[in-house]
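Trainee: After the structure tokens below, expect a handful of questions from me.
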Amino acid sequence: MNQAALHQLLSLKLKKKNSDDLFELRLATNLSLLKDLFFTIYDKEEDFHSLLQKLTLLYKKRPSHLKEQDIARLGQGNWYQSENLVGMQLYVDHFNGDLKGLEEKLDYFENLGVNFLHLMPITTRPKDENDGGYAVNSYTKIDPRYGTQKDLQRLTQKFRERNMYLMLDFVVNHTSDEHEWAKKAKAGNNDYQGYYYTYPDRTVPDMFEKGLPEVFPETSPGNYTYIPEMGNWVMTVFNSYQWDLNYTNPKVFLEMLTNLTALSNMGVDVVRFDALAFLWKKMGTDSQNLPEAHHIISLFRMCLQVIAPGTILLAEAIVAPTQILKYFGEGAKKGNECEVAYNASLMALLWNSIATKKTALLHKSITAVPQKPDDCTWINYIRCHDDIGLGLDDTYIQELGWNPQGHRKFLLDYYCQRTDWSPAKGMLFMYNPKSGDGRITGSAASLLGLEKGITTKDKELIGQSIAKINMLHGIILSFGGIPLIYAGDEIGTLNDYSFLKDTAKKEDNRWVNRPQQDWELIETLEKGVTPQSKIYHTLKQLISIRKNTPVFADKNNLILQYAGNEHILVFERTSSSKKGVLVLCNFDDNPQVVDGSLLSKLNYLKDQIYHDVINDNTVTLNSGFLELAPYQLLWLKQF
Ligand code: GLC
């Protein structure tokens, strides 16, 4: 049982207690874990006392309506695992101008069935390059281009009225070089220089560099930047204007806890812990996923749980599958780190399956990942604002008889316009000609052939790309966890090349997949049968089916099967009390068959007759072969 479950139990048992008493109880319940975690990283008693005082202070500042919501949520169990949640990620300015503009579009989300929003960073940032707001000047001041604190407050109030959830970023690893701490450090203030990793010369940086990979080798090579005003080198793992925070300094933890709580007090339900794998640095290592980083995350989690138990954490750890699992917490920290993590492996494997038209690597890799803790869940997604990294496991690639380097080259060729025959129109991101490593950018629709299909007026290609988009959406909607649709993908938005004309963006081609929402096109969705309206209406239908399929809630009830056809992905969502669903997808551009009798023997659901809920047909499994059209998705529900 994790700490959250203990709090749920306590608040149910002690229903009549008031909110302040429950706070004291939560503190008492988490105290020994807090102490253990704190003293694993820090050593001064006085700092621990400061932390305890801070918890009370921060709790007092929490608005009363959110305190009430916290208690109500404790009574609801794991709300984030429900089949009712469907998310969308968006840039506020690209979506509809600002926060007020977003508020005007709440009906749009409701209509589609979206009730969980991830808004990209909205706080102040440097004027020019700012990594899409991930270089933060402040953790709490809303950038005037988006609106005001008041606008955000009103928006979150509206969210609560409509039972919508909000996710915002907590850029926990770094600030911009214009943050007030960085400014004070530049001005020579020693205390604030200690908030970052600063060095008078290259001795330590050079030793560190030996183990450190580069995140943006093309635009920001190396991991340190010389700051002339300060006369020091500062650690900048991401861009040169993003300074890494020094968590060996307890003051940094305490200040960041204040910022985290302020975010939660703005009415945020899920806090996205940005780039959290990088929180601790150790010479001789790659300074990612270190045990100390996990201690810090768990310490944040245990503190916020005492102050604001209704707010949960998402791990943005785009790392190897076995490493991702660790962000749910291990050992004493099991279930006590982040409740949610991005399923980056599934995302990369889906793109691999599209390019190879085969599902073996997906099957092998997913089945090899140990089960996550029951109280945790995934964000399942196809595209987001970032690049697609080829985070595939070389061992499994080799087991399939492929050469890992050759296979990665094939994927980059396929997606990044390095072959004529591929339908994809992606771009190469951070390509290293020496190693051949690179990542992929581009919108889902352009990567899946819609852009090429439209420009070459190739009807077959257009049809195929629509089917692929629908199938991938269908997978993330039925795989368990929170499906997160990237704004624009619901209408098959193509690449946006306008970034090439903007000096602050042109070096970073992730902007090709950060388009403006096309409201004119949206107006036409009901009028004609266009590719965009087909994508939109299918997605809407799939969302509505998901919400009426309780077995799609995440109860660790997914079983991957192999149905004897390498092009077909099969998985089951099972339940002892609810109707199960068999999901089948054909990744090939030819029709493919599965042996119905084999399938009925494989499956846990052990039924012969199913309801095809997407096409409203009856499917009998033992009557010979079941045929799937190219890129067809089937959701077969038990009768
Ligand atoms: C995360 C964000 C990415 C950003 C990076 C640095 O990975 O998703 O967009 O560049 O963090 O903050």
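The chains in the structure tokens are called A, B, ... from first to last as shown; in each chain the residues are counted from 1, and the ligands are counted from 1 in the order shown.
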Determine which residues of stretch 166-330 of chain A DSSP labels as strand (DSSP E) from the backbone of this structure, then write them out as a list in words.
Mentor: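 Residues of stretch 166-330 of chain A classed as strand (DSSP E): Leu166, Met167, Leu168, Asp169, Phe170, His174, Thr175, Ser176, Thr198, Tyr199, Tyr224, Thr225, Tyr226, Ile227, Asn232, Trp233, Val234, Met235, Gln242, Trp243, Asp244, Val270, Val271, Arg272, Phe273, Ile312, Leu313, Leu314 and Ala315 of chain A.
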Trainee: Within 6 Å of ligand 1, which residues show up when you count only C-alpha atoms and all ligand atoms? List them as a list in words, please.
Mentor: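 Those within range of ligand 1 are Asp131, Tyr134, Phe238, Asp274, Ala275 and Asp386 of chain A.
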Trainee: Please extract the residues of stretch 180-251 of chain A with a backbone DSSP assignment of alpha helix (DSSP H) and present them as a ChimeraX atom specification.
Mentor: /A:180-186,190-193,203-209,250-251
Trainee: Which of these, A:Leu484, A:Leu461, A:Ala355, A:Ala424, has the shortest distance to A:Tyr342 once you count only C-alpha atoms?
Mentor: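 For A:Tyr342, the nearest of the candidates is A:Leu484.
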Trainee: Need the shell around A:Pro200: protein/DNA/RNA residues with any atom at most 8 Å away, counting only C-alpha atoms. Skip same-chain ones fewer than 4 positions apart. Format as a PyMOL selection string?
Mentor: chain A and resi 231-233
Trainee: Hey, can you spit out that residue selection with C-alpha atoms as a short mmCIF file (atom, residue, chain, number, x, y, z; two decimals), in the first residue's frame?
Mentor:
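Generated output (result_5.cif):
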```
data_model
loop_
_atom_site.label_atom_id
_atom_site.label_comp_id
_atom_site.auth_asym_id
_atom_site.auth_seq_id
_atom_site.Cartn_x
_atom_site.Cartn_y
_atom_site.Cartn_z
CA GLY A 231 33.42 35.10 -14.79
CA ASN A 232 32.22 31.54 -14.24
CA TRP A 233 31.13 28.47 -16.16
#
```
Trainee: Do you know which residues are at most 7 Å from stretch 588-603 of chain A counting only C-alpha atoms, after dropping those on the same chain fewer than 2 positions away, and could you put them as a ChimeraX atom specification?
Mentor: /A:357,563,565,567,586,605-608,621-631
Trainee: Kindly indicate which residue among A:Lys251, A:Lys13, A:Lys468, A:Arg383 lies nearest to A:Asp191, using only C-alpha atoms for the distances.
Mentor: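 Between A:Lys251, A:Lys13, A:Lys468, A:Arg383, the residue approaching A:Asp191 most closely is A:Lys251.
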Trainee: Using atom CA of A:Leu119 and atom CA of A:Thr148 as the two end points, give the distance in Å to one decimal.
Mentor: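 Separating atom CA of A:Leu119 from atom CA of A:Thr148 is a distance of 14.8 Å.
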Trainee: Which neighbours of A:Asn289 fall inside 8 Å, counting only C-alpha atoms, when residues of the same chain fewer than 3 positions from it are skipped, and could you give them as a PyMOL selection string?
Mentor: chain A and resi 277-278+280+293-294+323
Trainee: Rank nothing, just name the residue among A:Asn78, A:Thr618, A:Ser345, A:Thr441 nearest to A:Tyr497, using only C-alpha atoms.
Mentor: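 Using only C-alpha atoms, A:Tyr497 sits closest to A:Thr441.
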Trainee: Near A:Tyr146, within 7 Å and counting only C-alpha atoms, which residues show up once chain neighbours fewer than 5 positions away are dropped, as a list of chain:residue names?
Mentor: A:Asp93, A:Asp98, A:Leu99, A:Ile122
Trainee: Distance atom CA of A:Tyr610-atom CA of A:Leu582, one decimal place?
Mentor: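 Atom CA of A:Leu582 lies 8.7 Å from atom CA of A:Tyr610.
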Trainee: Which neighbours of stretch 522-525 of chain A fall inside 9 Å, counting only C-alpha atoms, when residues of the same chain fewer than 4 positions from it are skipped, and could you give them as a list in words?
Mentor: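 The contact residues come out as Ile491, Gln517, Asp518, Val529, Thr530, Gln532, Ser533, Lys534, Tyr536 and His537 of chain A.
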Trainee: Export, as a tab-separated table (two decimals), in the first residue's frame, the selected residues with C-alpha atoms.
Mentor:
```tsv
chain	number	residue	atom	x	y	z
A	491	ILE	CA	-8.10	17.33	-37.62
A	517	GLN	CA	-5.10	25.63	-34.65
A	518	ASP	CA	-7.07	26.02	-37.88
A	529	VAL	CA	-16.52	14.66	-46.21
A	530	THR	CA	-12.93	15.84	-46.18
A	532	GLN	CA	-9.97	16.26	-41.80
A	533	SER	CA	-13.65	15.70	-41.04
A	534	LYS	CA	-13.21	11.92	-41.37
A	536	TYR	CA	-12.27	14.26	-36.49
A	537	HIS	CA	-15.51	12.28	-36.56
```
Trainee: Given the choices A:Ser435, A:Ser82, A:Thr503, A:Gln149, which gets closest to A:Phe116 if the distance is worked out from only C-alpha atoms?
Mentor: A:Ser82
Trainee: Report the closest atom pair, with its distance in Å rounded to one decimal, for each residue of stretch 320-362 of chain A that has an atom no farther than 12 Å from stretch 367-370 of chain A; count only C-alpha atoms, sort by chain and then rising residue number, and write it as CSV.
Mentor:
```
residue,atom,partner,partner_atom,distance
A:Ala320,CA,A:Val369,CA,10.1
A:Pro321,CA,A:Val369,CA,6.7
A:Thr322,CA,A:Val369,CA,6.5
A:Gln323,CA,A:Val369,CA,10.1
A:Ile324,CA,A:Val369,CA,9.9
A:Leu325,CA,A:Pro370,CA,8.2
A:Lys326,CA,A:Pro370,CA,10.7
A:Asn343,CA,A:Val369,CA,11.5
A:Ser345,CA,A:Val369,CA,9.9
A:Leu346,CA,A:Val369,CA,10.9
A:Ala360,CA,A:Thr367,CA,10.6
A:Leu361,CA,A:Thr367,CA,9.9
A:Leu362,CA,A:Thr367,CA,8.4
```
